[in-house]
Amino acid sequence: MRPRRVVVIGAGMVGLSCAWSLQDYDVEVEVLDRGRAGHGASWGNAGFVAPAFTVPLPEPSILRYGIRAVLDRHSPVRLPVRADQELARFLLRMTRHCTWPQWKRAMAGYRGLNEQIFESFDAQLSAGVPAEIHEADVLAAFGDVAAAAGLHHELAGVAASGQRVEVDLLSGAEAKAAEPLLTDRIGFAMRVRGQRWLDPVAYTAALAEHVRDRGGQVTEQVNVTGVRRHGGGVVVECSDGRREADAVVLANGAWLPALAAEHGVRMPQFGGRGYSFTVPVRQPLAGPLYFPGARSALAPRGDRVRVTGVMEFQRPDAPLDHRAIATIIRALRPLLTGADWDRAEHRWVGARPLSADGIPLVGPSATEGVYVAGGHGMWGVTLGPLTGRMLAEHIATGATPAELAWLDPTR
Ligand SMILES: Cc1cc2nc3c(=O)[nH]c(=O)nc-3n(C[C@H](O)[C@H](O)[C@H](O)COP(=O)(O)OP(=O)(O)OC[C@H]3O[C@@H](n4cnc5c(N)ncnc54)[C@H](O)[C@@H]3O)c2cc1C
C-alpha cells in the first residue's frame, strides 16, 4: 500500500532528492536534519555531474595509494595513525574488491545507472527546481602521457562496459589553449566530453526550497537517535520528541551506520573525508578541471575557483585538519598559475559516505517500512536525483527495476 507520510532523515542531495521524488506520488514528506539542510557532504564538493567518472572506487591503484599514505605525509590519501577497528574492517573488506574483475562487474551495474543521470536532473529542473546546471567537458591534466595511463585504463573500462565516453587527447600546448591557467608543467591532457557541473550549495538550497514549495517540510536542527517499527508504521526518535510515519528513508550520509546497522545493513562503511576551499584566480576557470595525480578536482566559481581534494579515512565529525589543505595547495601550486593560494577561504571538510564494495546502498532494509539511500561515496551529487527517483518509485508502487535490485542495502 502506498504510504501517505514518509520521514526522510538527512537533508543532503540524496535525502532531498528522495523527498522531492516522493512528492511526485502525492506522498506527504518531512525531511529532518540535525544541522542545516545541504550542509553535510553535499556542501563543499566539486559539483561535477560526470557519468564518465562515476565508477566504483575500489580498484588496484587504490592499494598503491594506501601504501603511499602510510609512507608519505604529503599523500592525497590520509590514514589515521591510531588503531581503529571499524576502519580496519572497512579497509579489509574494500581491499577484497580492489581487483579489475570485481571492478568490471561493478562497472556493469554503474553503467545502468549512469545512462539515466542526466534525465534525472532534467526531470527536477523541468519540474521547476530553481537551480542551474552547466554543460561542460572535464579537462584532466597530467605532467606527461605516461601519467595518464591510470585514467586512460579506467575510461577504457567505462567504454568497455557499453557506456558512451568521448575523449580528446591534447598536447600540453592544446591543454593550455583550452585552460589558460595551466602551467608549463602540464604536458598532456584528456578532454572528456559531454559532462555537467553545478554549484552544490545553490543546488541543494533550491531543492530544499522546492520541496517546501510543494508542501513538504524540511526541519533543521533535529537529531534522530533511532528508528523502529511500531504498530503498522515506523517511529522516529528525535531530539525534539518523536515522529510517526508510514515509512522512513535513512539518507544520513556518512552517519548512516549509526541508524541503519540495526535494520540489517551490514556492509562496512566509512567516511572518506575530502577538503575544499576557494581561491581568487586571475581569470575565471574555463570549465571543470581534474588533476588525477593530485586527486584534486577544481570547479569555476566566478572570480574564484573551488578546489577540492584529499581522501582522509577519519571519523566524519573530527575537526578540520589544516595540514590537508596545505597538502592540496602544495600539489597544485606548480600546476595552476594565476591563483592566489595565500587567500584560501571557505575552508571545509566533508565526509564522502563510502561503502566497502564501492556500490551505493539503496532500497528496502530488513525492517518493513525502513528504507536506505546511502553509500554514494565519491558521486552522491551525480547520483542523488536518480536514487531519489528509483527509491520513491519503489516505495510508492513496489517496482524494483534491475538497477535498484543491484543496490540492495542488505547485500
Ligand atoms: C571534497 C569532495 C568532493 C566531492 N566532489 C563530488 C563531485 O564533484 N560530484 C559528486 O557527485 N559527488 C562529489 N562528492 C561526493 C558527494 O559530496 C557526496 O557523495 C554526497 O554529498 C552525499 O550526499 P548525502 O545526501 O548522502 O550526504 P550528506 O550531504 O552528508 O547529507 C547527510 C545529512 O544527514 C544529516 N544527518 C546525519 N545524521 C543525522 C541524524 N542522526 N539525524 C538527523 N540528520 C542527520 C547530516 O547533517 C547531513 O546534512 C564529493 C565529496 C567531497 C567530500
# chains A, B, ... in the order shown; residues from 1 in each chain; ligands from 1
$ select_by_dssp --residues "segment 214-299 of chain A" --states "strand (DSSP E)" --output "MDAnalysis selection string"
chainID A and resid 217:219 224:230 233:238 241:245 247:250 269:280 289:291 296:299
$ residues_around --residues "segment 388-402 of chain A" --least-positions-apart "4" --cutoff "9 Å" --atoms "only C-alpha atoms" --output "PDB file with N, CA, C and O atoms, in the first residue's frame"
ATOM      1  N   MET A   1       0.834  -1.192   0.000  1.00  0.00           N
ATOM      2  CA  MET A   1       0.000   0.000   0.000  1.00  0.00           C
ATOM      3  C   MET A   1       0.877   1.252   0.000  1.00  0.00           C
ATOM      4  O   MET A   1       1.876   1.296   0.703  1.00  0.00           O
ATOM      5  N   ARG A   2       0.510   2.235  -0.794  1.00  0.00           N
ATOM      6  CA  ARG A   2       1.321   3.444  -0.879  1.00  0.00           C
ATOM      7  C   ARG A   2       1.298   4.199   0.451  1.00  0.00           C
ATOM      8  O   ARG A   2       0.225   4.487   0.982  1.00  0.00           O
ATOM      9  N   PRO A   3       2.493   4.504   1.025  1.00  0.00           N
ATOM     10  CA  PRO A   3       2.486   5.250   2.289  1.00  0.00           C
ATOM     11  C   PRO A   3       1.960   6.670   2.079  1.00  0.00           C
ATOM     12  O   PRO A   3       2.176   7.262   1.020  1.00  0.00           O
ATOM     13  N   VAL A  14      20.991  13.589  -1.457  1.00  0.00           N
ATOM     14  CA  VAL A  14      20.286  12.311  -1.590  1.00  0.00           C
ATOM     15  C   VAL A  14      18.927  12.371  -0.896  1.00  0.00           C
ATOM     16  O   VAL A  14      17.892  12.047  -1.500  1.00  0.00           O
ATOM     17  N   GLY A  15      18.902  12.793   0.371  1.00  0.00           N
ATOM     18  CA  GLY A  15      17.637  12.831   1.115  1.00  0.00           C
ATOM     19  C   GLY A  15      16.643  13.793   0.487  1.00  0.00           C
ATOM     20  O   GLY A  15      15.452  13.481   0.345  1.00  0.00           O
ATOM     21  N   LEU A  16      17.118  14.979   0.090  1.00  0.00           N
ATOM     22  CA  LEU A  16      16.205  15.960  -0.520  1.00  0.00           C
ATOM     23  C   LEU A  16      15.643  15.426  -1.838  1.00  0.00           C
ATOM     24  O   LEU A  16      14.472  15.631  -2.153  1.00  0.00           O
ATOM     25  N   SER A  17      16.498  14.723  -2.595  1.00  0.00           N
ATOM     26  CA  SER A  17      16.008  14.160  -3.862  1.00  0.00           C
ATOM     27  C   SER A  17      14.963  13.071  -3.622  1.00  0.00           C
ATOM     28  O   SER A  17      13.990  12.947  -4.375  1.00  0.00           O
ATOM     29  N   CYS A  18      15.173  12.270  -2.563  1.00  0.00           N
ATOM     30  CA  CYS A  18      14.167  11.237  -2.229  1.00  0.00           C
ATOM     31  C   CYS A  18      12.838  11.907  -1.892  1.00  0.00           C
ATOM     32  O   CYS A  18      11.774  11.497  -2.383  1.00  0.00           O
ATOM     33  N   ALA A  19      12.908  12.942  -1.036  1.00  0.00           N
ATOM     34  CA  ALA A  19      11.674  13.619  -0.625  1.00  0.00           C
ATOM     35  C   ALA A  19      10.986  14.234  -1.836  1.00  0.00           C
ATOM     36  O   ALA A  19       9.763  14.110  -2.018  1.00  0.00           O
ATOM     37  N   TRP A  20      11.785  14.890  -2.670  1.00  0.00           N
ATOM     38  CA  TRP A  20      11.235  15.565  -3.857  1.00  0.00           C
ATOM     39  C   TRP A  20      10.517  14.556  -4.762  1.00  0.00           C
ATOM     40  O   TRP A  20       9.410  14.813  -5.244  1.00  0.00           O
ATOM     41  N   SER A  21      11.144  13.404  -4.984  1.00  0.00           N
ATOM     42  CA  SER A  21      10.529  12.413  -5.874  1.00  0.00           C
ATOM     43  C   SER A  21       9.301  11.765  -5.236  1.00  0.00           C
ATOM     44  O   SER A  21       8.346  11.418  -5.933  1.00  0.00           O
ATOM     45  N   LEU A  22       9.314  11.580  -3.909  1.00  0.00           N
ATOM     46  CA  LEU A  22       8.122  11.028  -3.241  1.00  0.00           C
ATOM     47  C   LEU A  22       6.929  11.952  -3.446  1.00  0.00           C
ATOM     48  O   LEU A  22       5.779  11.500  -3.560  1.00  0.00           O
ATOM     49  N   GLN A  23       7.189  13.258  -3.502  1.00  0.00           N
ATOM     50  CA  GLN A  23       6.086  14.210  -3.711  1.00  0.00           C
ATOM     51  C   GLN A  23       5.418  14.013  -5.072  1.00  0.00           C
ATOM     52  O   GLN A  23       4.252  14.345  -5.239  1.00  0.00           O
ATOM     53  N   ASP A  24       6.151  13.454  -6.028  1.00  0.00           N
ATOM     54  CA  ASP A  24       5.545  13.155  -7.337  1.00  0.00           C
ATOM     55  C   ASP A  24       4.417  12.136  -7.198  1.00  0.00           C
ATOM     56  O   ASP A  24       3.578  11.995  -8.097  1.00  0.00           O
ATOM     57  N   TYR A  25       4.452  11.367  -6.098  1.00  0.00           N
ATOM     58  CA  TYR A  25       3.414  10.350  -5.864  1.00  0.00           C
ATOM     59  C   TYR A  25       2.414  10.818  -4.797  1.00  0.00           C
ATOM     60  O   TYR A  25       1.754   9.993  -4.161  1.00  0.00           O
ATOM     61  N   VAL A  27       2.945  11.834  -1.874  1.00  0.00           N
ATOM     62  CA  VAL A  27       3.270  11.405  -0.514  1.00  0.00           C
ATOM     63  C   VAL A  27       3.635  12.653   0.290  1.00  0.00           C
ATOM     64  O   VAL A  27       4.362  13.526  -0.191  1.00  0.00           O
ATOM     65  N   GLY A 112      24.308   0.926 -15.911  1.00  0.00           N
ATOM     66  CA  GLY A 112      22.841   1.017 -15.908  1.00  0.00           C
ATOM     67  C   GLY A 112      22.342   2.276 -15.215  1.00  0.00           C
ATOM     68  O   GLY A 112      21.296   2.827 -15.572  1.00  0.00           O
ATOM     69  N   SER A 120      17.594  12.319 -14.919  1.00  0.00           N
ATOM     70  CA  SER A 120      17.091  12.511 -13.546  1.00  0.00           C
ATOM     71  C   SER A 120      17.236  13.982 -13.130  1.00  0.00           C
ATOM     72  O   SER A 120      16.395  14.513 -12.410  1.00  0.00           O
ATOM     73  N   ALA A 247       6.436   5.268   6.557  1.00  0.00           N
ATOM     74  CA  ALA A 247       7.743   4.750   6.138  1.00  0.00           C
ATOM     75  C   ALA A 247       8.812   5.799   6.420  1.00  0.00           C
ATOM     76  O   ALA A 247       8.505   6.989   6.588  1.00  0.00           O
ATOM     77  N   VAL A 362      20.921   1.327  -1.628  1.00  0.00           N
ATOM     78  CA  VAL A 362      19.624   1.973  -1.859  1.00  0.00           C
ATOM     79  C   VAL A 362      18.534   0.910  -1.958  1.00  0.00           C
ATOM     80  O   VAL A 362      18.652  -0.027  -2.754  1.00  0.00           O
ATOM     81  N   GLY A 363      17.480   1.075  -1.157  1.00  0.00           N
ATOM     82  CA  GLY A 363      16.356   0.140  -1.247  1.00  0.00           C
ATOM     83  C   GLY A 363      15.810  -0.192   0.125  1.00  0.00           C
ATOM     84  O   GLY A 363      16.143   0.461   1.126  1.00  0.00           O
ATOM     85  N   PRO A 364      14.952  -1.216   0.203  1.00  0.00           N
ATOM     86  CA  PRO A 364      14.362  -1.576   1.488  1.00  0.00           C
ATOM     87  C   PRO A 364      15.397  -2.200   2.422  1.00  0.00           C
ATOM     88  O   PRO A 364      16.266  -2.950   1.969  1.00  0.00           O
ATOM     89  N   GLY A 369       9.104  -1.004   6.043  1.00  0.00           N
ATOM     90  CA  GLY A 369       8.842   0.437   6.153  1.00  0.00           C
ATOM     91  C   GLY A 369      10.083   1.287   6.362  1.00  0.00           C
ATOM     92  O   GLY A 369       9.996   2.517   6.393  1.00  0.00           O
ATOM     93  N   TYR A 371      13.653   2.333   4.766  1.00  0.00           N
ATOM     94  CA  TYR A 371      14.401   2.295   3.508  1.00  0.00           C
ATOM     95  C   TYR A 371      15.743   3.012   3.680  1.00  0.00           C
ATOM     96  O   TYR A 371      15.886   3.859   4.562  1.00  0.00           O
ATOM     97  N   VAL A 372      16.668   2.661   2.793  1.00  0.00           N
ATOM     98  CA  VAL A 372      18.027   3.208   2.893  1.00  0.00           C
ATOM     99  C   VAL A 372      18.379   3.901   1.580  1.00  0.00           C
ATOM    100  O   VAL A 372      18.062   3.405   0.494  1.00  0.00           O
ATOM    101  N   ALA A 373      19.031   5.070   1.696  1.00  0.00           N
ATOM    102  CA  ALA A 373      19.554   5.765   0.499  1.00  0.00           C
ATOM    103  C   ALA A 373      20.906   6.335   0.891  1.00  0.00           C
ATOM    104  O   ALA A 373      21.000   7.459   1.390  1.00  0.00           O
ATOM    105  N   LEU A 383      24.574  11.127  -8.429  1.00  0.00           N
ATOM    106  CA  LEU A 383      23.587  10.038  -8.375  1.00  0.00           C
ATOM    107  C   LEU A 383      22.359  10.359  -7.519  1.00  0.00           C
ATOM    108  O   LEU A 383      21.391   9.598  -7.536  1.00  0.00           O
ATOM    109  N   GLY A 384      22.389  11.477  -6.779  1.00  0.00           N
ATOM    110  CA  GLY A 384      21.299  11.789  -5.841  1.00  0.00           C
ATOM    111  C   GLY A 384      19.923  11.797  -6.495  1.00  0.00           C
ATOM    112  O   GLY A 384      19.007  11.084  -6.047  1.00  0.00           O
ATOM    113  N   TRP A 406      20.191  -4.226  -7.691  1.00  0.00           N
ATOM    114  CA  TRP A 406      21.657  -4.322  -7.581  1.00  0.00           C
ATOM    115  C   TRP A 406      22.186  -3.529  -6.381  1.00  0.00           C
ATOM    116  O   TRP A 406      23.222  -3.847  -5.816  1.00  0.00           O
ATOM    117  N   LEU A 407      21.436  -2.512  -5.975  1.00  0.00           N
ATOM    118  CA  LEU A 407      21.891  -1.636  -4.890  1.00  0.00           C
ATOM    119  C   LEU A 407      21.416  -2.109  -3.508  1.00  0.00           C
ATOM    120  O   LEU A 407      21.624  -1.400  -2.521  1.00  0.00           O
TER     121      LEU A 407
END
$ residues_around --residues "Leu155 of chain A" --least-positions-apart "2" --cutoff "8 Å" --atoms "only C-alpha atoms" --output "list of chain:residue names"
A:Ala52, A:Phe53, A:Leu151, A:His152, A:His153, A:Gly157, A:Val158, A:Ala159, A:Val165
$ write_last_selection --atoms "N, CA, C and O atoms" --output "compact mmCIF listing (two decimals), in the first residue's frame"
# COMPACT_ATOMS: atom_id res chain seq x y z
N ALA A 52 30.96 9.93 -16.88
CA ALA A 52 32.16 9.24 -17.37
C ALA A 52 33.10 8.87 -16.22
O ALA A 52 33.91 7.95 -16.34
N PHE A 53 32.99 9.61 -15.11
CA PHE A 53 33.87 9.36 -13.97
C PHE A 53 33.17 8.61 -12.84
O PHE A 53 33.76 8.33 -11.80
N LEU A 151 44.06 6.84 -15.75
CA LEU A 151 42.75 7.33 -16.15
C LEU A 151 42.36 6.75 -17.51
O LEU A 151 41.19 6.42 -17.76
N HIS A 152 43.38 6.62 -18.37
CA HIS A 152 43.11 6.05 -19.69
C HIS A 152 42.53 4.63 -19.54
O HIS A 152 41.52 4.28 -20.16
N HIS A 153 43.13 3.86 -18.67
CA HIS A 153 42.68 2.49 -18.43
C HIS A 153 41.26 2.49 -17.86
O HIS A 153 40.40 1.70 -18.27
N GLY A 157 37.77 1.11 -19.53
CA GLY A 157 36.88 0.17 -18.83
C GLY A 157 35.44 0.66 -18.84
O GLY A 157 34.51 -0.13 -19.00
N VAL A 158 35.26 1.98 -18.70
CA VAL A 158 33.90 2.54 -18.75
C VAL A 158 33.31 2.30 -20.14
O VAL A 158 32.17 1.84 -20.28
N ALA A 159 34.12 2.57 -21.17
CA ALA A 159 33.64 2.37 -22.55
C ALA A 159 33.36 0.89 -22.81
O ALA A 159 32.37 0.54 -23.45
N VAL A 165 31.70 7.11 -24.04
CA VAL A 165 32.69 8.04 -23.49
C VAL A 165 33.42 8.68 -24.67
O VAL A 165 33.93 7.97 -25.53
$ residues_around --residues "Asp168 of chain A" --least-positions-apart "5" --cutoff "7 Å" --atoms "only C-alpha atoms" --output "JSON list (two decimals) with all heavy atoms, in the first residue's frame"
[["chain", "number", "residue", "atom", "x", "y", "z"],
["A", 190, "MET", "N", 43.49, 15.05, -21.12],
["A", 190, "MET", "CA", 42.37, 14.33, -21.74],
["A", 190, "MET", "C", 41.13, 15.19, -21.54],
["A", 190, "MET", "O", 40.81, 15.54, -20.40],
["A", 190, "MET", "CB", 42.18, 12.95, -21.06],
["A", 190, "MET", "CG", 43.37, 12.04, -21.28],
["A", 190, "MET", "SD", 43.29, 10.56, -20.25],
["A", 190, "MET", "CE", 42.25, 9.54, -21.22],
["A", 191, "ARG", "N", 40.48, 15.51, -22.65],
["A", 191, "ARG", "CA", 39.25, 16.30, -22.54],
["A", 191, "ARG", "C", 38.08, 15.32, -22.65],
["A", 191, "ARG", "O", 37.87, 14.71, -23.70],
["A", 191, "ARG", "CB", 39.18, 17.34, -23.66],
["A", 191, "ARG", "CG", 37.91, 18.18, -23.59],
["A", 191, "ARG", "CD", 38.01, 19.44, -24.42],
["A", 191, "ARG", "NE", 38.40, 19.17, -25.78],
["A", 191, "ARG", "CZ", 39.04, 20.02, -26.58],
["A", 191, "ARG", "NH1", 39.35, 21.22, -26.15],
["A", 191, "ARG", "NH2", 39.35, 19.68, -27.81],
["A", 192, "VAL", "N", 37.35, 15.17, -21.55],
["A", 192, "VAL", "CA", 36.24, 14.20, -21.52],
["A", 192, "VAL", "C", 34.96, 14.97, -21.81],
["A", 192, "VAL", "O", 34.54, 15.83, -21.03],
["A", 192, "VAL", "CB", 36.18, 13.49, -20.15],
["A", 192, "VAL", "CG1", 35.08, 12.44, -20.14],
["A", 192, "VAL", "CG2", 37.53, 12.87, -19.82]]
$ closest_residue --among "A:Leu335, A:Val201, A:Met267, A:Ala258" --to "Val381 of chain A" --atoms "only C-alpha atoms"
A:Val201
$ select_by_dssp --residues "segment 112-238 of chain A" --states "alpha helix (DSSP H)" --output "PyMOL selection string"
chain A and resi 112-114+117-126+149-160+172-178+200-213
$ closest_residue --among "A:Gly374, A:Arg185, A:Trp103, A:Ser161" --to "Ala251 of chain A" --atoms "only C-alpha atoms"
A:Gly374
$ residues_around --residues "segment 79-94 of chain A" --least-positions-apart "3" --cutoff "12 Å" --atoms "only C-alpha atoms" --output "JSON, numbers by chain"
{"A": [56, 57, 58, 59, 60, 62, 63, 65, 66, 67, 68, 69, 70, 71, 72, 73, 74, 75, 76, 97, 98, 99, 102, 103, 257, 266, 267, 268, 269, 270, 271, 272, 273, 310, 311, 312, 313, 314, 315, 318, 321, 324, 354, 355, 356, 357, 358, 359]}
$ closest_residue --among "A:His322, A:Ala175, A:Glu28, A:Glu403" --to "Ala108 of chain A" --atoms "only C-alpha atoms"
A:Glu403
$ atom_distance --atom1 "atom CA of Ile9 of chain A" --atom2 "atom CA of Gln124 of chain A"
20.3 Å
$ residues_around --residues "Asp240 of chain A" --least-positions-apart "6" --cutoff "12 Å" --atoms "only C-alpha atoms" --output "list in words"
Leu32, Asp33, Arg34, Thr219, Glu220, Gln221, Val222, Asn223, Val224 and Thr225 of chain A
$ residues_around --residues "Ala41 of chain A" --least-positions-apart "6" --cutoff "8 Å" --atoms "only C-alpha atoms" --output "list in words"
Gly12, Gly253, Gly350, Ala351 and Arg352 of chain A
$ atom_distance --atom1 "atom CA of Ala136 of chain A" --atom2 "atom CA of Phe121 of chain A"
14.9 Å
$ decode --residues "segment 334-360 of chain A" --atoms "N, CA, C and O atoms" --output "compact mmCIF listing (two decimals), in the first residue's frame"
# COMPACT_ATOMS: atom_id res chain seq x y z
N PRO A 334 52.42 24.09 -8.46
CA PRO A 334 53.19 24.04 -9.71
C PRO A 334 52.33 23.82 -10.96
O PRO A 334 52.83 23.95 -12.06
N LEU A 335 51.05 23.47 -10.77
CA LEU A 335 50.23 23.06 -11.92
C LEU A 335 49.28 24.15 -12.41
O LEU A 335 48.81 24.13 -13.54
N LEU A 336 48.98 25.11 -11.52
CA LEU A 336 47.97 26.13 -11.84
C LEU A 336 48.58 27.50 -11.58
O LEU A 336 49.11 27.75 -10.49
N THR A 337 48.49 28.37 -12.58
CA THR A 337 49.04 29.71 -12.40
C THR A 337 47.90 30.71 -12.17
O THR A 337 46.73 30.40 -12.41
N GLY A 338 48.24 31.91 -11.65
CA GLY A 338 47.23 32.96 -11.51
C GLY A 338 46.27 32.74 -10.36
O GLY A 338 45.24 33.41 -10.27
N ALA A 339 46.59 31.80 -9.47
CA ALA A 339 45.74 31.57 -8.28
C ALA A 339 46.44 32.16 -7.06
O ALA A 339 47.64 31.97 -6.90
N ASP A 340 45.69 32.88 -6.23
CA ASP A 340 46.28 33.48 -5.04
C ASP A 340 46.13 32.50 -3.87
O ASP A 340 45.19 32.57 -3.08
N TRP A 341 47.08 31.58 -3.78
CA TRP A 341 46.97 30.48 -2.81
C TRP A 341 46.96 30.96 -1.37
O TRP A 341 46.49 30.27 -0.48
N ASP A 342 47.51 32.17 -1.14
CA ASP A 342 47.55 32.67 0.25
C ASP A 342 46.19 33.17 0.71
O ASP A 342 46.01 33.49 1.88
N ARG A 343 45.25 33.28 -0.22
CA ARG A 343 43.92 33.77 0.17
C ARG A 343 42.87 32.65 0.05
O ARG A 343 41.76 32.85 -0.46
N ALA A 344 43.24 31.47 0.53
CA ALA A 344 42.30 30.33 0.53
C ALA A 344 41.21 30.59 1.57
O ALA A 344 41.50 30.78 2.75
N GLU A 345 39.97 30.64 1.11
CA GLU A 345 38.84 30.88 2.02
C GLU A 345 37.82 29.75 1.92
O GLU A 345 37.96 28.87 1.08
N HIS A 346 36.77 29.84 2.71
CA HIS A 346 35.69 28.83 2.74
C HIS A 346 36.29 27.44 2.96
O HIS A 346 35.90 26.48 2.30
N ARG A 347 37.24 27.36 3.87
CA ARG A 347 37.89 26.07 4.14
C ARG A 347 36.87 25.11 4.74
O ARG A 347 36.16 25.47 5.69
N TRP A 348 36.84 23.91 4.22
CA TRP A 348 35.73 22.99 4.57
C TRP A 348 36.21 21.55 4.52
O TRP A 348 37.09 21.20 3.73
N VAL A 349 35.63 20.73 5.37
CA VAL A 349 35.85 19.29 5.26
C VAL A 349 34.49 18.59 5.30
O VAL A 349 33.58 19.03 6.02
N GLY A 350 34.33 17.55 4.51
CA GLY A 350 33.08 16.80 4.50
C GLY A 350 33.38 15.34 4.25
O GLY A 350 34.44 14.99 3.72
N ALA A 351 32.44 14.48 4.66
CA ALA A 351 32.71 13.04 4.60
C ALA A 351 31.93 12.38 3.48
O ALA A 351 30.69 12.36 3.49
N ARG A 352 32.67 11.83 2.50
CA ARG A 352 32.02 11.04 1.44
C ARG A 352 31.55 9.73 2.08
O ARG A 352 32.35 9.03 2.71
N PRO A 353 30.27 9.38 1.90
CA PRO A 353 29.78 8.12 2.52
C PRO A 353 30.22 6.91 1.68
O PRO A 353 29.55 6.55 0.72
N LEU A 354 31.33 6.31 2.07
CA LEU A 354 31.89 5.19 1.28
C LEU A 354 31.33 3.86 1.75
O LEU A 354 31.24 3.61 2.96
N SER A 355 31.01 3.00 0.79
CA SER A 355 30.68 1.61 1.13
C SER A 355 31.88 0.77 0.68
O SER A 355 32.54 1.10 -0.30
N ALA A 356 32.15 -0.33 1.39
CA ALA A 356 33.38 -1.08 1.14
C ALA A 356 33.43 -1.68 -0.26
O ALA A 356 34.51 -1.85 -0.81
N ASP A 357 32.29 -1.99 -0.86
CA ASP A 357 32.32 -2.57 -2.20
C ASP A 357 32.17 -1.51 -3.29
O ASP A 357 32.10 -1.84 -4.48
N GLY A 358 32.09 -0.24 -2.89
CA GLY A 358 32.05 0.85 -3.87
C GLY A 358 30.71 1.00 -4.58
O GLY A 358 30.62 1.70 -5.59
N ILE A 359 29.69 0.37 -4.04
CA ILE A 359 28.36 0.42 -4.67
C ILE A 359 27.40 1.07 -3.67
O ILE A 359 27.43 0.73 -2.48
N PRO A 360 26.57 2.01 -4.11
CA PRO A 360 25.63 2.64 -3.18
C PRO A 360 24.69 1.62 -2.53
O PRO A 360 24.53 0.49 -3.01
